[in-house]
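File shown: final.txt. Contents: compact mmCIF, C-alpha atoms.
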# COMPACT_ATOMS: atom_id res chain seq x y z
CA MET A 1001 -5.12 16.08 -1.16
CA PRO A 1002 -2.99 13.74 0.98
CA LEU A 1003 -0.61 11.28 -0.66
CA PRO A 1004 -2.41 8.02 -1.44
CA PRO A 1005 -1.08 4.73 0.01
CA PHE A 1006 2.02 3.97 -2.06
CA TRP A 1007 0.91 0.48 -3.03
CA SER A 1008 -2.25 1.71 -4.70
CA LEU A 1009 0.01 3.52 -7.18
CA VAL A 1010 2.02 0.35 -7.71
CA GLU A 1011 -1.12 -1.68 -8.34
CA ALA A 1012 -2.60 0.94 -10.66
CA HIS A 1013 0.50 1.69 -12.76
CA GLY A 1014 2.96 -1.16 -12.15
CA ASP A 1015 2.33 -3.00 -15.41
CA GLU A 1016 2.81 0.06 -17.64
CA LEU A 1017 5.91 1.02 -15.64
CA LEU A 1018 7.36 -2.41 -16.36
CA VAL A 1019 6.81 -1.85 -20.09
CA HIS A 1020 8.52 1.54 -19.71
CA ALA A 1021 11.44 0.03 -17.80
CA LYS A 1022 11.92 -2.70 -20.42
CA ARG A 1023 11.87 -0.12 -23.20
CA LEU A 1024 14.60 1.85 -21.43
CA ALA A 1025 16.78 -0.97 -20.14
CA GLY A 1026 15.92 -3.97 -22.32
CA ASP A 1027 13.58 -6.89 -21.65
CA GLN A 1028 16.18 -8.72 -19.65
CA HIS A 1029 16.82 -5.92 -17.16
CA GLY A 1030 13.40 -4.30 -16.99
CA GLU A 1031 12.33 -6.02 -13.77
CA ASP A 1032 15.56 -5.17 -11.93
CA VAL A 1033 15.30 -1.56 -13.02
CA LEU A 1034 11.67 -1.31 -11.98
CA GLN A 1035 12.43 -2.85 -8.60
CA ASP A 1036 15.15 -0.26 -8.06
CA ALA A 1037 12.81 2.49 -9.27
CA LEU A 1038 10.01 1.51 -6.89
CA LEU A 1039 12.39 1.55 -3.93
CA ARG A 1040 13.72 4.97 -4.96
CA ALA A 1041 10.16 6.18 -5.27
CA LEU A 1042 9.31 4.83 -1.84
CA ARG A 1043 12.32 6.62 -0.30
CA ALA A 1044 11.35 9.91 -1.93
CA TYR A 1045 7.59 9.56 -1.46
CA PRO A 1046 7.10 11.32 1.91
CA LYS A 1047 9.21 14.26 0.65
CA LEU A 1048 6.88 15.04 -2.23
CA ARG A 1049 5.31 18.44 -1.85
CA HIS A 1050 2.03 17.55 -3.54
CA ALA A 1051 0.03 14.58 -4.78
CA ASP A 1052 -0.36 15.74 -8.40
CA HIS A 1053 0.71 13.75 -11.44
CA LEU A 1054 2.04 10.83 -9.42
CA ARG A 1055 1.92 8.53 -12.41
CA ALA A 1056 4.18 10.84 -14.44
CA TRP A 1057 6.45 11.14 -11.42
CA LEU A 1058 6.81 7.34 -11.27
CA TYR A 1059 7.71 7.35 -14.97
CA ARG A 1060 10.47 9.88 -14.28
CA VAL A 1061 11.80 7.88 -11.33
CA THR A 1062 11.88 4.80 -13.57
CA MET A 1063 13.77 6.78 -16.23
CA SER A 1064 16.38 7.87 -13.69
CA ALA A 1065 16.77 4.30 -12.44
CA ALA A 1066 17.19 3.03 -16.01
CA MET A 1067 19.78 5.68 -16.84
CA ASP A 1068 21.75 4.90 -13.67
CA PHE A 1069 21.60 1.25 -14.63
CA HIS A 1070 23.22 2.08 -17.98
CA ARG A 1071 25.81 4.30 -16.32
CA SER A 1072 26.83 1.59 -13.88
CA ARG A 1073 27.12 -0.98 -16.68
CA ARG A 1074 29.28 1.40 -18.65
CA ARG A 1075 31.51 1.92 -15.65
CA GLU A 1076 32.16 -1.78 -15.51
CA THR A 1077 33.89 -1.57 -18.90
CA VAL A 1078 35.37 1.95 -18.73
CA MET A 1079 37.13 1.95 -15.41
CA ASP A 1080 38.44 5.51 -15.41
CA GLU A 1081 35.02 7.12 -15.62
CA PRO A 1082 34.12 8.68 -12.26
CA PRO A 1083 30.99 7.24 -10.66
CA THR A 1084 27.90 9.35 -10.99
CA VAL A 1085 25.49 9.41 -8.12
CA SER A 1086 21.88 10.49 -8.39
CA THR A 1087 21.42 13.17 -5.82
CA TYR A 1088 18.04 14.24 -7.12
CA ASP A 1089 16.25 12.39 -4.42
CA THR A 1090 12.76 13.64 -5.06
CA TYR A 1091 13.00 13.26 -8.84
CA ASP A 1092 11.59 16.72 -9.36
CA ASP A 1093 11.56 18.73 -12.57
CA GLY A 1094 15.15 19.91 -12.07
CA ALA A 1095 16.41 16.36 -11.92
CA PHE A 1096 14.44 15.47 -14.99
CA GLU A 1097 15.86 18.45 -16.93
CA ALA A 1098 19.38 17.31 -16.06
CA LEU A 1099 18.56 13.82 -17.27
CA ILE A 1100 17.31 14.98 -20.67
CA ALA A 1101 19.73 17.93 -21.08
CA GLU A 1102 21.70 16.38 -23.93
CA LEU A 1103 18.72 15.68 -26.16
CA PRO A 1104 17.56 18.02 -28.93
CA GLU A 1105 14.81 20.47 -27.98
CA SER A 1106 12.11 18.61 -29.94
CA ALA A 1107 12.76 15.45 -27.97
CA ARG A 1108 12.90 17.33 -24.69
CA SER A 1109 9.58 19.04 -25.25
CA ALA A 1110 7.87 15.74 -26.10
CA LEU A 1111 9.27 14.12 -22.95
CA ARG A 1112 8.24 17.06 -20.78
CA LEU A 1113 4.67 16.98 -22.04
CA ARG A 1114 4.45 13.27 -21.33
CA PHE A 1115 6.44 12.84 -18.13
CA VAL A 1116 6.15 16.20 -16.37
CA ASP A 1117 2.84 17.62 -17.55
CA ASP A 1118 1.35 14.12 -17.56
CA LEU A 1119 -0.57 14.65 -20.80
CA ASP A 1120 -2.02 11.78 -22.80
CA TYR A 1121 -1.20 11.52 -26.50
CA ASP A 1122 -4.27 13.52 -27.53
CA GLY A 1123 -3.17 16.31 -25.22
CA ILE A 1124 0.39 16.18 -26.53
CA ALA A 1125 -0.87 16.26 -30.14
CA ASP A 1126 -2.88 19.33 -29.23
CA ARG A 1127 0.11 21.13 -27.80
CA LEU A 1128 2.47 20.17 -30.61
CA GLY A 1129 -0.09 20.79 -33.33
CA CYS A 1130 0.26 17.32 -34.83
CA SER A 1131 -1.78 14.10 -35.02
CA THR A 1132 -2.10 11.73 -32.07
CA VAL A 1133 -0.12 9.11 -33.97
CA ALA A 1134 2.66 11.60 -34.62
CA ALA A 1135 2.63 12.63 -30.95
CA ARG A 1136 3.02 9.03 -29.87
CA GLN A 1137 5.90 8.67 -32.30
CA ARG A 1138 7.62 11.84 -31.06
CA VAL A 1139 7.54 10.54 -27.47
CA SER A 1140 8.68 7.07 -28.43
CA THR A 1141 11.57 8.44 -30.54
CA ALA A 1142 12.55 10.72 -27.67
CA VAL A 1143 12.57 7.80 -25.22
CA ARG A 1144 14.74 5.84 -27.64
CA SER A 1145 17.20 8.74 -28.01
CA LEU A 1146 17.37 9.05 -24.25
CA ARG A 1147 18.21 5.37 -23.94
CA GLU A 1148 20.85 5.72 -26.65
CA THR A 1149 22.57 8.65 -24.96
CA PHE A 1150 23.14 6.46 -21.91
CA ALA A 1151 23.37 2.88 -23.13
CA MET B 243 -0.08 -5.67 -20.70
CA THR B 244 1.35 -8.34 -18.47
CA PRO B 245 0.73 -7.83 -14.76
CA LEU B 246 3.71 -7.40 -12.49
CA PRO B 247 5.18 -10.70 -11.30
CA ASP B 248 4.49 -11.46 -7.64
CA SER B 249 8.17 -12.14 -7.12
CA LEU B 250 9.01 -8.55 -8.09
CA LEU B 251 6.35 -7.13 -5.77
CA GLU B 252 7.48 -9.34 -2.89
CA SER B 253 11.11 -8.30 -3.45
CA VAL B 254 10.21 -4.63 -3.38
CA ALA B 255 8.15 -5.09 -0.20
CA ALA B 256 10.87 -7.15 1.50
CA ALA B 257 13.53 -4.56 0.69
CA ALA B 258 11.23 -1.77 1.87
CA VAL B 259 10.69 -3.51 5.22
CA ARG B 260 14.39 -4.30 5.58
CA GLU B 261 15.39 -0.69 4.94
CA GLY B 262 12.74 0.66 7.30
CA LEU B 263 10.92 2.37 4.43
CA ALA B 264 7.48 0.89 5.07
CA ASP B 265 5.06 2.74 7.34
CA ALA B 266 2.71 -0.25 7.16
CA VAL B 267 2.42 -3.61 5.40
CA PHE B 268 -0.85 -5.17 4.29
CA THR B 269 -2.03 -8.54 3.05
CA ARG B 270 -5.29 -9.94 1.67
CA LEU B 271 -6.44 -13.19 3.20
CA SER B 272 -9.22 -15.61 2.24
CA SER B 273 -10.99 -17.03 5.29
CA PRO B 274 -14.19 -18.91 6.17
CA ILE B 275 -15.81 -15.53 6.89
CA GLY B 276 -14.77 -14.00 3.60
CA LYS B 277 -11.81 -12.00 2.36
CA LEU B 278 -9.99 -9.99 4.98
CA LEU B 279 -7.65 -7.05 4.64
CA VAL B 280 -4.98 -7.10 7.36
CA VAL B 281 -2.71 -4.10 7.90
CA ASN B 282 0.30 -4.26 10.17
CA GLY B 283 2.10 -1.22 11.62
CA PRO B 284 5.37 -1.07 13.57
CA ASP B 285 3.68 -2.29 16.78
CA GLY B 286 1.25 -4.85 15.38
CA ILE B 287 -2.04 -5.05 13.53
CA VAL B 288 -3.62 -1.61 13.18
CA ARG B 289 -6.51 -2.41 10.87
CA LEU B 290 -8.55 -5.38 9.84
CA ALA B 291 -11.36 -4.98 7.30
CA PHE B 292 -14.08 -7.29 6.03
CA GLU B 293 -14.62 -7.53 2.30
CA GLU B 294 -17.64 -5.19 2.29
CA GLU B 295 -15.44 -2.30 3.35
CA ALA B 296 -13.77 -0.23 0.63
CA GLU B 297 -10.13 -1.28 0.69
CA ASP B 298 -8.80 2.06 -0.53
CA ARG B 299 -10.62 3.86 2.26
CA ALA B 300 -9.27 1.49 4.92
CA LEU B 301 -5.73 1.94 3.56
CA ALA B 302 -6.16 5.72 3.37
CA GLU B 303 -7.14 5.72 7.07
CA VAL B 304 -3.92 3.89 7.88
CA ALA B 305 -1.91 6.25 5.65
CA ALA B 306 -3.33 9.26 7.48
CA ALA B 307 -2.26 7.86 10.85
CA LEU B 308 1.01 6.05 10.07
CA GLY B 309 2.25 7.56 6.80
CA PRO B 310 1.73 6.88 3.08
CA ARG B 311 4.53 4.37 2.55
CA ILE B 312 2.26 1.36 2.58
CA VAL B 313 3.30 -1.83 0.82
CA ALA B 314 1.69 -5.23 0.33
CA SER B 315 3.35 -8.51 1.20
CA ASP B 316 2.02 -11.95 1.99
CA ARG B 317 5.48 -13.11 2.97
CA GLU B 318 6.23 -10.34 5.48
CA LEU B 319 2.92 -11.10 7.22
CA THR B 320 3.17 -14.89 7.22
CA ALA B 321 2.80 -15.12 11.01
CA GLU B 322 -0.32 -12.94 11.05
CA ARG B 323 -1.86 -14.83 8.10
CA ASP B 324 -1.21 -18.22 9.68
CA ALA B 325 -2.54 -17.19 13.09
CA LEU B 326 -5.76 -15.74 11.67
CA SER B 327 -6.34 -18.66 9.30
CA GLU B 328 -5.84 -21.24 12.01
CA TYR B 329 -8.14 -19.43 14.39
CA LEU B 330 -10.91 -18.88 11.87
CA GLU B 331 -10.71 -22.44 10.58
CA GLY B 332 -11.08 -23.71 14.13
CA GLY B 333 -7.62 -25.26 14.35
CA SER B 334 -6.37 -22.99 17.08
CA SER B 335 -8.09 -21.81 20.22
CA VAL B 336 -6.07 -18.69 20.87
CA LEU B 337 -5.49 -15.65 18.76
CA ASP B 338 -2.64 -13.79 20.32
CA LEU B 339 -1.29 -11.25 17.86
CA PRO B 340 0.37 -7.93 18.63
CA TYR B 341 -2.05 -5.12 17.89
CA ASP B 342 -2.08 -1.36 18.02
CA LEU B 343 -5.27 0.64 18.56
CA ARG B 344 -3.91 4.00 17.46
CA LEU B 345 -6.62 4.33 14.80
CA MET B 346 -9.14 4.60 17.61
CA ALA B 347 -8.25 8.09 18.81
CA ALA B 348 -11.21 8.90 21.09
CA PRO B 349 -9.93 8.19 24.64
CA PHE B 350 -12.97 6.46 26.14
CA ARG B 351 -13.57 4.26 23.11
CA HIS B 352 -9.89 3.42 23.08
CA LYS B 353 -10.12 2.38 26.72
CA VAL B 354 -13.23 0.30 26.03
CA LEU B 355 -11.49 -1.67 23.29
CA GLU B 356 -8.34 -2.19 25.37
CA GLU B 357 -10.49 -3.43 28.25
CA LEU B 358 -12.41 -5.72 25.90
CA HIS B 359 -9.19 -7.24 24.57
CA ARG B 360 -7.74 -7.63 28.05
CA SER B 361 -10.70 -9.07 29.89
CA VAL B 362 -13.03 -10.95 27.55
CA ARG B 363 -11.39 -14.19 26.46
CA ARG B 364 -12.50 -16.77 23.97
CA GLY B 365 -15.58 -18.60 25.22
CA GLU B 366 -16.79 -15.58 27.19
CA THR B 367 -19.16 -12.76 26.37
CA VAL B 368 -19.96 -9.44 28.00
CA THR B 369 -22.89 -7.03 27.76
CA TYR B 370 -22.51 -3.46 26.56
CA GLY B 371 -23.39 -2.22 30.05
CA GLU B 372 -20.94 -4.52 31.83
CA LEU B 373 -18.12 -3.52 29.50
CA ALA B 374 -18.99 0.14 30.12
CA ALA B 375 -18.64 -0.51 33.86
CA ARG B 376 -15.32 -2.30 33.41
CA ALA B 377 -14.03 0.67 31.40
CA GLY B 378 -14.96 2.95 34.27
CA ASN B 379 -18.32 4.42 33.28
CA PRO B 380 -21.35 2.14 33.91
CA LYS B 381 -23.71 4.61 32.21
CA ALA B 382 -21.81 4.63 28.93
CA SER B 383 -23.22 1.53 27.28
CA ARG B 384 -24.09 3.51 24.15
CA ALA B 385 -20.53 4.76 23.89
CA VAL B 386 -19.46 1.12 24.16
CA GLY B 387 -21.76 0.39 21.24
CA SER B 388 -20.12 3.02 19.10
CA ALA B 389 -16.64 1.90 20.17
CA CYS B 390 -17.50 -1.60 18.93
CA ALA B 391 -19.07 -0.29 15.74
CA ARG B 392 -15.89 1.60 14.92
CA ASN B 393 -13.43 -1.02 16.13
CA PRO B 394 -10.53 -0.79 13.65
CA ILE B 395 -9.35 -4.34 14.41
CA PRO B 396 -12.37 -6.68 14.63
CA ILE B 397 -11.71 -10.36 15.48
CA VAL B 398 -8.36 -9.47 17.11
CA VAL B 399 -10.11 -7.02 19.44
CA PRO B 400 -13.14 -9.23 19.99
CA CYS B 401 -16.13 -6.92 19.68
CA HIS B 402 -18.16 -9.93 18.50
CA ARG B 403 -18.17 -11.03 22.16
CA VAL B 404 -20.15 -7.96 23.23
CA LEU B 405 -23.90 -8.66 23.40
CA PRO B 406 -27.00 -6.65 24.34
CA GLY B 407 -28.16 -7.08 27.93
CA SER B 408 -31.72 -7.55 26.67
CA GLY B 409 -30.83 -10.73 24.79
CA GLY B 410 -30.28 -11.44 21.12
CA ILE B 411 -27.08 -11.15 19.17
CA GLY B 412 -27.09 -7.39 18.58
CA ASN B 413 -25.25 -5.46 15.93
CA TYR B 414 -21.87 -6.11 14.40
CA GLY B 415 -19.68 -4.03 12.09
CA GLY B 416 -19.20 -7.04 9.86
CA GLY B 417 -22.91 -7.94 9.97
CA PRO B 418 -24.82 -10.06 12.55
CA GLU B 419 -24.31 -13.24 10.52
CA ARG B 420 -20.54 -13.01 10.90
CA LYS B 421 -20.94 -12.32 14.60
CA ARG B 422 -22.99 -15.51 14.88
CA VAL B 423 -20.34 -17.52 13.00
CA LEU B 424 -17.55 -16.20 15.22
CA LEU B 425 -19.52 -16.96 18.40
CA GLU B 426 -20.33 -20.44 17.13
CA LEU B 427 -16.66 -21.00 16.38
CA GLU B 428 -15.88 -20.03 19.97
CA GLY B 429 -18.67 -22.26 21.29
CA VAL B 430 -20.58 -19.51 23.07
CA LEU B 431 -23.78 -18.84 21.19
CA PRO B 432 -26.17 -17.56 23.86
CA THR B 433 -28.95 -20.03 24.66
CA SER B 434 -31.59 -17.43 23.80
CA LEU B 435 -30.54 -17.73 20.18
CA THR B 436 -30.57 -21.48 19.73
CA PRO B 437 -33.76 -22.65 18.05
Final structure tokens representation of the file:
Amino acid sequence: MPLPPFWSLVEAHGDELLVHAKRLAGDQHGEDVLQDALLRALRAYPKLRHADHLRAWLYRVTMSAAMDFHRSRRRETVMDEPPTVSTYDTYDDGAFEALIAELPESARSALRLRFVDDLDYDGIADRLGCSTVAARQRVSTAVRSLRETFA
Amino acid sequence: MTPLPDSLLESVAAAAVREGLADAVFTRLSSPIGKLLVVNGPDGIVRLAFEEEAEDRALAEVAAALGPRIVASDRELTAERDALSEYLEGGSSVLDLPYDLRLMAAPFRHKVLEELHRSVRRGETVTYGELAARAGNPKASRAVGSACARNPIPIVVPCHRVLPGSGGIGNYGGGPERKRVLLELEGVLPTSLTP
């Protein structure tokens, strides 16, 4: 399947990505982070090897953009920290693993199911052997921990 | 969920164009002949679609030819929007926008549409047979018909000005009623059609 026109992804998923960006970077910075994320996604888009799970891919790009936003803010106060540059320009699984490396395994597995395997909460509940509500909570706690490791 | 603010979308599109990241830019325009989808590539308008056409299919056609990095922006296409609006509202007598017929790959059809754009001005019409002759093959009036039917850029490449030699208004990709409106706008409804 060829890659769909980029803007049809933006129109289909933009509003939920904004919620995601605000959760990761705060209400005040959500729009800036999403704008950065969409441009990163556009740069990487033609390099994607397949057109599967594009929604989950956009979530991962938004996560990277949010984490870089936190890093750059932290650098403004701690001057001796060397700048980190995202070199993972296609935001593939390897880049995502590096992003979540410091989290406990339970958080990592929840994030992988949601943002790599692109499962909905029913599917995640199935895989984790818990209720849908609990699955939602696992993902949301994991997203919060991720934000806290960077913010 | 709140929809994305237009300002955010316009900023993304503007930055994409500035950085050379956009393969094509599109806009949706309301006009007296209905909603139009206008898609601009690096060399001009590549696709124009009436509202009956599936937008995702029209955009997918463009993506296949120009690349998938397609963004929407009213602001980046202000000149195209203004020119089309003025023309269709009757305020302007010329429609002179850069265009690019790369979506019409078949060589003879391509030639037909280029010839049509070059030689049939506002206020004029041509028959299928005559246009076939001008494009170098007088016997190919049916091929001219299919070139017009598949014209990727109606209005700009004026296939509404091509009429059957036998009289009547003939077919139109956007429907005969729209063809009639466009010809009325240009003041050239054939006498055979006036009541």
Which residues are close to Arg351 (chain B), i.e. within 10 Å by all atoms listed in the file, leaving aside same-chain residues fewer than 5 positions away? Reply as a JSON list (two decimals) with C-alpha atoms, in the coordinates of the input.
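Saved as part_30.json:
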[["chain", "number", "residue", "atom", "x", "y", "z"],
["B", 346, "MET", "CA", -9.14, 4.60, 17.61],
["B", 356, "GLU", "CA", -8.34, -2.19, 25.37],
["B", 357, "GLU", "CA", -10.49, -3.43, 28.25],
["B", 374, "ALA", "CA", -18.99, 0.14, 30.12],
["B", 377, "ALA", "CA", -14.03, 0.67, 31.40],
["B", 385, "ALA", "CA", -20.53, 4.76, 23.89],
["B", 386, "VAL", "CA", -19.46, 1.12, 24.16],
["B", 387, "GLY", "CA", -21.76, 0.39, 21.24],
["B", 388, "SER", "CA", -20.12, 3.02, 19.10],
["B", 389, "ALA", "CA", -16.64, 1.90, 20.17],
["B", 390, "CYS", "CA", -17.50, -1.60, 18.93],
["B", 392, "ARG", "CA", -15.89, 1.60, 14.92],
["B", 393, "ASN", "CA", -13.43, -1.02, 16.13]]
Chain B residues near chain A (6 Å cut-off, all atoms listed in the file) as a PyMOL selection string: chain B and resi 245-246+254+305+310-313
Distance query Tyr341 (chain B) at most 9 Å, only C-alpha atoms, self and fewer than 5 positions along chain excluded, as a PyMOL selection string: chain B and resi 282-283+285-289+395+398-399
Region 403-408 of chain B environment, 8 Å, only C-alpha atoms, sequence neighbours closer than 3 positions dropped, as a PyMOL selection string: chain B and resi 362+366-371+373+400+411-412+425
Surrounding residues of Val280 (chain B) excluding itself and chain neighbours under 2 positions, 6 Å, all atoms listed in the file, as a PyMOL selection string: chain B and resi 268-269+290
Contacts of region 1067-1077 of chain A within 6 Å, all atoms listed in the file, excl. fewer than 3 positions in-chain, as an MDAnalysis selection string: chainID A and resid 1064 1150:1151
Among the residues A:Leu1146, A:Ala1056, A:His1050, A:His1029, the one that comes closest to Arg1114 (chain A) [using all atoms listed in the file]: A:Ala1056
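Across the model, the gap from CA of Arg317 (chain B) to CA of Glu261 (chain B) is 16.0 Å.
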Two-atom distance - CA of Asp324 (chain B), CA of Leu339 (chain B) (Å): 10.7 Å
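We find CA of Ala382 (chain B) and CA of Lys353 (chain B) to be spaced 12.1 Å apart.
Considering all atoms listed in the file, the residue among A:Arg1112, A:Arg1127, A:His1053, A:Arg1023 positioned nearest to Ser1140 (chain A) is A:Arg1023.
Distances to Arg323 (chain B) were evaluated for B:Ser273, B:Ala300, B:Asp265, B:Ala307 using all atoms listed in the file, and the minimum falls at B:Ser273.
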